[in-house]
>>> print(open('upload22.cif').read())   # mmCIF, C-alpha atoms
data_structure
loop_
_atom_site.label_atom_id
_atom_site.label_comp_id
_atom_site.auth_asym_id
_atom_site.auth_seq_id
_atom_site.Cartn_x
_atom_site.Cartn_y
_atom_site.Cartn_z
CA MET A 219 148.33 65.25 140.18
CA ILE A 220 146.99 66.53 136.89
CA GLU A 221 148.96 65.53 133.83
CA GLU A 222 149.44 68.19 131.18
CA ASP A 223 149.60 65.57 128.46
CA GLU A 224 145.94 64.79 129.22
CA VAL A 225 144.96 68.16 127.74
CA HIS A 226 143.36 67.98 124.35
CA GLU A 227 142.80 70.75 121.83
CA ALA A 228 139.79 72.28 123.55
CA PRO A 229 139.72 71.97 127.36
CA SER A 230 136.55 72.99 129.20
CA VAL A 231 136.37 75.99 131.52
CA GLU A 232 136.46 73.64 134.52
CA ARG A 233 139.51 71.80 133.18
CA ILE A 234 141.32 75.09 132.46
CA VAL A 235 140.72 76.25 136.05
CA GLU A 236 141.89 72.90 137.41
CA LEU A 237 145.08 72.88 135.34
CA ILE A 238 146.03 76.51 136.00
CA SER A 239 145.33 76.23 139.73
CA SER A 240 147.38 73.06 139.96
CA ARG A 241 150.30 74.45 137.96
CA PHE A 242 150.54 77.99 139.38
CA GLY A 243 149.13 77.80 142.91
CA ASP A 244 149.11 81.16 144.71
CA ASP A 245 150.82 83.02 141.84
CA VAL A 246 147.58 82.99 139.83
CA THR A 247 144.13 83.54 141.34
CA VAL A 248 140.92 82.40 139.68
CA ARG A 249 138.56 85.36 140.17
CA GLY A 250 135.65 83.49 138.69
CA THR A 251 134.19 81.76 135.70
CA ARG A 252 131.29 82.34 133.40
CA GLU A 253 130.04 80.49 130.40
CA ARG A 254 133.13 80.16 128.16
CA ARG A 255 135.08 82.63 130.35
CA VAL A 256 137.88 82.20 132.88
CA LEU A 257 138.83 85.28 134.92
CA LEU A 258 142.34 85.29 136.41
CA THR A 259 144.66 87.58 138.34
CA SER A 260 148.39 86.96 138.02
CA ASN A 261 151.60 88.21 139.60
CA ARG A 262 153.49 90.20 136.99
CA GLU A 263 156.57 88.03 137.55
CA LYS A 264 154.60 84.99 136.31
CA ILE A 265 152.80 86.48 133.29
CA PHE A 266 155.21 85.17 130.65
CA GLU A 267 155.27 81.68 132.15
CA LEU A 268 151.47 81.69 132.53
CA CYS A 269 150.90 82.86 128.96
CA THR A 270 153.38 80.33 127.58
CA TYR A 271 151.46 77.60 129.42
CA ILE A 272 148.11 78.90 128.15
CA HIS A 273 149.45 78.96 124.58
CA ASP A 274 151.50 75.77 124.51
CA VAL A 275 149.47 73.47 126.78
CA LEU A 276 145.92 74.85 126.65
CA ASN A 277 146.12 75.80 122.95
CA PHE A 278 144.93 79.39 123.10
CA GLU A 279 145.67 80.79 119.65
CA GLN A 280 145.21 84.54 119.97
CA THR A 281 145.60 87.63 122.10
CA SER A 282 142.22 89.14 121.30
CA SER A 283 143.04 92.29 123.24
CA LEU A 284 145.57 93.67 125.64
CA CYS A 285 145.19 97.06 127.29
CA GLY A 286 146.25 99.22 130.18
CA VAL A 287 144.18 100.69 133.00
CA ASP A 288 145.27 103.51 135.31
CA TYR A 289 143.85 103.50 138.85
CA GLU A 290 146.10 106.39 140.01
CA THR A 291 147.58 104.22 142.81
CA HIS A 292 148.73 101.58 140.31
CA MET A 293 148.19 100.44 136.75
CA GLN A 294 146.97 97.17 135.31
CA VAL A 295 147.51 95.24 132.14
CA VAL A 296 144.44 93.26 131.04
CA TYR A 297 144.77 90.36 128.59
CA HIS A 298 141.97 88.59 126.68
CA LEU A 299 143.17 85.29 125.21
CA SER A 300 141.04 83.19 122.86
CA ASN A 301 140.73 79.51 122.02
CA TYR A 302 138.76 79.11 118.79
CA MET A 303 138.19 75.38 119.17
CA ASN A 304 135.92 75.73 122.19
CA GLY A 305 135.16 79.47 122.17
CA VAL A 306 136.67 79.98 125.64
CA MET A 307 138.30 83.29 126.54
CA ILE A 308 140.71 83.78 129.42
CA GLU A 309 140.96 87.24 130.98
CA ILE A 310 144.12 87.93 132.98
CA VAL A 311 144.52 91.06 135.10
CA VAL A 312 148.01 92.00 136.29
CA ASP A 313 148.84 94.86 138.65
CA VAL A 314 151.80 97.04 137.64
CA PRO A 315 153.19 99.61 140.09
CA ASN A 316 153.37 103.25 138.99
CA ASP A 317 156.98 103.56 140.12
CA ASP A 318 158.10 100.53 138.05
CA PRO A 319 155.69 100.18 135.09
CA ARG A 320 157.36 97.09 133.58
CA ILE A 321 156.00 93.70 132.58
CA ASP A 322 157.22 90.94 130.28
CA SER A 323 156.10 91.12 126.66
CA VAL A 324 153.89 88.30 125.38
CA THR A 325 154.71 89.17 121.76
CA PRO A 326 157.19 86.24 121.57
CA ILE A 327 154.23 83.96 122.38
CA TRP A 328 151.55 85.65 120.26
CA GLU A 329 152.82 87.96 117.54
CA GLY A 330 149.41 89.61 117.44
CA ALA A 331 150.12 91.16 120.84
CA ASN A 332 152.78 93.38 119.21
CA TRP A 333 150.62 96.39 118.38
CA HIS A 334 148.48 96.00 121.52
CA GLU A 335 151.63 96.31 123.63
CA ARG A 336 152.93 99.22 121.59
CA GLU A 337 149.64 101.09 121.97
CA THR A 338 149.56 100.39 125.71
CA TYR A 339 153.13 101.67 125.99
CA GLU A 340 152.30 104.79 124.00
CA LEU A 341 149.18 105.65 125.99
CA PHE A 342 150.14 104.53 129.53
CA GLY A 343 153.94 104.25 129.54
CA ILE A 344 153.90 100.59 130.55
CA ILE A 345 157.17 99.04 129.36
CA PHE A 346 156.92 95.56 127.86
CA GLU A 347 160.29 93.94 128.50
CA GLY A 348 161.51 91.86 125.57
CA HIS A 349 159.23 93.50 123.02
CA PRO A 350 160.89 93.45 119.56
CA LYS A 351 160.12 97.11 118.70
CA LEU A 352 158.63 99.02 121.61
CA GLU A 353 158.13 102.47 120.16
CA ARG A 354 155.28 104.88 119.65
CA LEU A 355 152.73 104.33 116.89
CA LEU A 356 150.95 107.69 116.52
CA THR A 357 152.59 110.33 118.67
CA PRO A 358 156.03 111.77 117.88
CA CYS A 359 159.00 109.64 119.00
CA ASP A 360 160.26 112.43 121.24
CA TYR A 361 156.89 112.93 122.95
CA GLN A 362 157.47 112.74 126.72
CA PHE A 363 153.92 112.17 127.93
CA PHE A 364 151.48 109.28 128.20
CA PRO A 365 148.03 110.71 127.46
CA PHE A 366 145.91 107.99 129.13
CA ARG A 367 147.60 108.37 132.51
CA LYS A 368 145.39 110.17 134.98
CA THR A 369 148.33 112.40 135.89
CA TYR A 370 148.43 113.75 132.31
CA LYS A 371 146.93 117.20 132.14
CA LEU A 372 145.63 118.60 128.86
CA ARG A 373 146.90 122.00 127.91
CA ARG A 374 144.30 124.70 127.44
CA ALA A 375 144.01 126.48 124.13
CA GLU A 376 145.18 130.05 124.43
#
>>> encode(input="upload22.cif", output="structure tokens")
Amino acid sequence: MIEEDEVHEAPSVERIVELISSRFGDDVTVRGTRERRVLLTSNREKIFELCTYIHDVLNFEQTSSLCGVDYETHMQVVYHLSNYMNGVMIEIVVDVPNDDPRIDSVTPIWEGANWHERETYELFGIIFEGHPKLERLLTPCDYQFFPFRKTYKLRRAE
């Protein structure tokens, strides 16, 4: 068994994979690794727990980016999390169904995720549960459309 208290400020890519695999089992899949990169896929039900673990135990200080992707059949939320001590970045991809575009907010873990989540909500309509102020940034508050969804059709100029 791997002990979490063995983790120091800057775990290696191999150690990160070992710890996450041990802790989360089948709920998180390691898609691969590269130099200073760990590529994961997570169940959406586990994203808050996974991100809390990555922040609190593995000491990842920042959400470098968070964005949505629309594949027509489903959407995804993609997270890039950074550890400045060792320069490692973790990428997490989470599938979100079109008919229930909800996922837990990671803003309580990293405040810097706030605007990333708001922008993703505004453009894709993905709802970040527990977000402190999930509202549009640029489009009008009463705007009913999500312009980055593939189902969004631009109006023609007349």
>>> atom_distance(input="upload22.cif", atom1="CA of Asp288 in chain A", atom2="CA of Pro315 in chain A")
10.0 Å
>>> residues_around(input="upload22.cif", residues="Gly330 in chain A", least_positions_apart="2", cutoff="10 Å", atoms="only C-alpha atoms", output="list in words")
Glu279, Gln280, Thr281, Ser282, Ser283, Leu284, Val324, Thr325, Pro326, Ile327, Trp328, Asn332, Trp333, His334 and Glu335 of chain A
>>> closest_residue(input="upload22.cif", among="A:Tyr361, A:Tyr302, A:Tyr297, A:Tyr339", to="Phe266 in chain A", atoms="all atoms listed in the file")
A:Tyr297
>>> closest_residue(input="upload22.cif", among="A:Arg252, A:Lys264, A:Arg233, A:Lys351", to="Leu276 in chain A", atoms="only C-alpha atoms")
A:Arg233
>>> atom_distance(input="upload22.cif", atom1="CA of Leu356 in chain A", atom2="CA of Thr338 in chain A")
11.8 Å
>>> residues_around(input="upload22.cif", residues="Ile308 in chain A", least_positions_apart="5", cutoff="9 Å", atoms="all atoms listed in the file", output="list in words")
Arg254, Arg255, Val256, Leu257, Leu258, Ile272, Phe278, Tyr297, His298, Leu299, Ser300 and Asn301 of chain A
>>> residues_near_point(input="upload22.cif", point="(151.8, 93.7, 135.4)", cutoff="6 Å", atoms="only C-alpha atoms", output="list in words")
Arg262, Gln294, Val295, Val312, Asp313, Val314 and Ile321 of chain A
>>> atom_distance(input="upload22.cif", atom1="CA of Asp245 in chain A", atom2="CA of Glu309 in chain A")
15.3 Å
>>> resolve_selection(input="upload22.cif", expression="the PyMOL selection byres ((chain A and resi 342) around 12)", output="JSON, numbers by chain")
{"A": [285, 286, 287, 288, 289, 290, 292, 293, 294, 295, 314, 316, 319, 320, 334, 335, 336, 337, 338, 339, 340, 341, 343, 344, 345, 346, 354, 362, 363, 364, 365, 366, 367, 368, 369, 370]}
>>> decode(input="upload22.cif", residues="range 240-259 of chain A", atoms="N, CA and C atoms", output="PDB file, in the first residue's frame")
ATOM      1  N   SER A 240      -3.443   3.937  -7.389  1.00  0.00           N
ATOM      2  CA  SER A 240      -3.708   3.244  -6.129  1.00  0.00           C
ATOM      3  C   SER A 240      -4.938   3.803  -5.426  1.00  0.00           C
ATOM      4  N   ARG A 241      -5.083   5.101  -5.438  1.00  0.00           N
ATOM      5  CA  ARG A 241      -6.166   5.772  -4.701  1.00  0.00           C
ATOM      6  C   ARG A 241      -7.515   5.671  -5.406  1.00  0.00           C
ATOM      7  N   PHE A 242      -7.538   5.763  -6.744  1.00  0.00           N
ATOM      8  CA  PHE A 242      -8.798   5.882  -7.472  1.00  0.00           C
ATOM      9  C   PHE A 242      -9.185   4.661  -8.302  1.00  0.00           C
ATOM     10  N   GLY A 243      -8.288   3.733  -8.494  1.00  0.00           N
ATOM     11  CA  GLY A 243      -8.626   2.505  -9.213  1.00  0.00           C
ATOM     12  C   GLY A 243      -9.242   2.758 -10.564  1.00  0.00           C
ATOM     13  N   ASP A 244     -10.406   2.114 -10.823  1.00  0.00           N
ATOM     14  CA  ASP A 244     -11.065   2.182 -12.128  1.00  0.00           C
ATOM     15  C   ASP A 244     -11.787   3.502 -12.388  1.00  0.00           C
ATOM     16  N   ASP A 245     -11.927   4.352 -11.373  1.00  0.00           N
ATOM     17  CA  ASP A 245     -12.612   5.632 -11.565  1.00  0.00           C
ATOM     18  C   ASP A 245     -11.767   6.639 -12.334  1.00  0.00           C
ATOM     19  N   VAL A 246     -10.456   6.426 -12.353  1.00  0.00           N
ATOM     20  CA  VAL A 246      -9.534   7.307 -13.073  1.00  0.00           C
ATOM     21  C   VAL A 246      -8.605   6.429 -13.909  1.00  0.00           C
ATOM     22  N   THR A 247      -8.503   6.743 -15.188  1.00  0.00           N
ATOM     23  CA  THR A 247      -7.651   5.979 -16.100  1.00  0.00           C
ATOM     24  C   THR A 247      -6.442   6.830 -16.478  1.00  0.00           C
ATOM     25  N   VAL A 248      -5.275   6.234 -16.407  1.00  0.00           N
ATOM     26  CA  VAL A 248      -4.059   6.899 -16.882  1.00  0.00           C
ATOM     27  C   VAL A 248      -3.960   6.608 -18.379  1.00  0.00           C
ATOM     28  N   ARG A 249      -4.163   7.648 -19.199  1.00  0.00           N
ATOM     29  CA  ARG A 249      -4.101   7.504 -20.657  1.00  0.00           C
ATOM     30  C   ARG A 249      -2.668   7.453 -21.155  1.00  0.00           C
ATOM     31  N   GLY A 250      -1.762   7.977 -20.362  1.00  0.00           N
ATOM     32  CA  GLY A 250      -0.374   7.987 -20.779  1.00  0.00           C
ATOM     33  C   GLY A 250       0.424   9.002 -20.001  1.00  0.00           C
ATOM     34  N   THR A 251       1.711   8.998 -20.261  1.00  0.00           N
ATOM     35  CA  THR A 251       2.610   9.973 -19.650  1.00  0.00           C
ATOM     36  C   THR A 251       3.585  10.436 -20.723  1.00  0.00           C
ATOM     37  N   ARG A 252       4.087  11.601 -20.492  1.00  0.00           N
ATOM     38  CA  ARG A 252       5.153  12.168 -21.303  1.00  0.00           C
ATOM     39  C   ARG A 252       6.097  12.838 -20.326  1.00  0.00           C
ATOM     40  N   GLU A 253       7.142  13.409 -20.837  1.00  0.00           N
ATOM     41  CA  GLU A 253       8.044  14.130 -19.952  1.00  0.00           C
ATOM     42  C   GLU A 253       7.272  15.257 -19.271  1.00  0.00           C
ATOM     43  N   ARG A 254       7.188  15.215 -17.958  1.00  0.00           N
ATOM     44  CA  ARG A 254       6.510  16.203 -17.111  1.00  0.00           C
ATOM     45  C   ARG A 254       5.014  16.325 -17.420  1.00  0.00           C
ATOM     46  N   ARG A 255       4.403  15.256 -17.937  1.00  0.00           N
ATOM     47  CA  ARG A 255       2.970  15.263 -18.234  1.00  0.00           C
ATOM     48  C   ARG A 255       2.338  13.954 -17.782  1.00  0.00           C
ATOM     49  N   VAL A 256       1.157  14.060 -17.169  1.00  0.00           N
ATOM     50  CA  VAL A 256       0.339  12.904 -16.820  1.00  0.00           C
ATOM     51  C   VAL A 256      -1.024  13.136 -17.456  1.00  0.00           C
ATOM     52  N   LEU A 257      -1.489  12.175 -18.243  1.00  0.00           N
ATOM     53  CA  LEU A 257      -2.749  12.303 -18.973  1.00  0.00           C
ATOM     54  C   LEU A 257      -3.765  11.343 -18.367  1.00  0.00           C
ATOM     55  N   LEU A 258      -4.862  11.895 -17.845  1.00  0.00           N
ATOM     56  CA  LEU A 258      -5.866  11.103 -17.140  1.00  0.00           C
ATOM     57  C   LEU A 258      -7.238  11.271 -17.766  1.00  0.00           C
ATOM     58  N   THR A 259      -8.093  10.276 -17.554  1.00  0.00           N
ATOM     59  CA  THR A 259      -9.518  10.360 -17.817  1.00  0.00           C
ATOM     60  C   THR A 259     -10.207  10.014 -16.508  1.00  0.00           C
TER      61      THR A 259
END
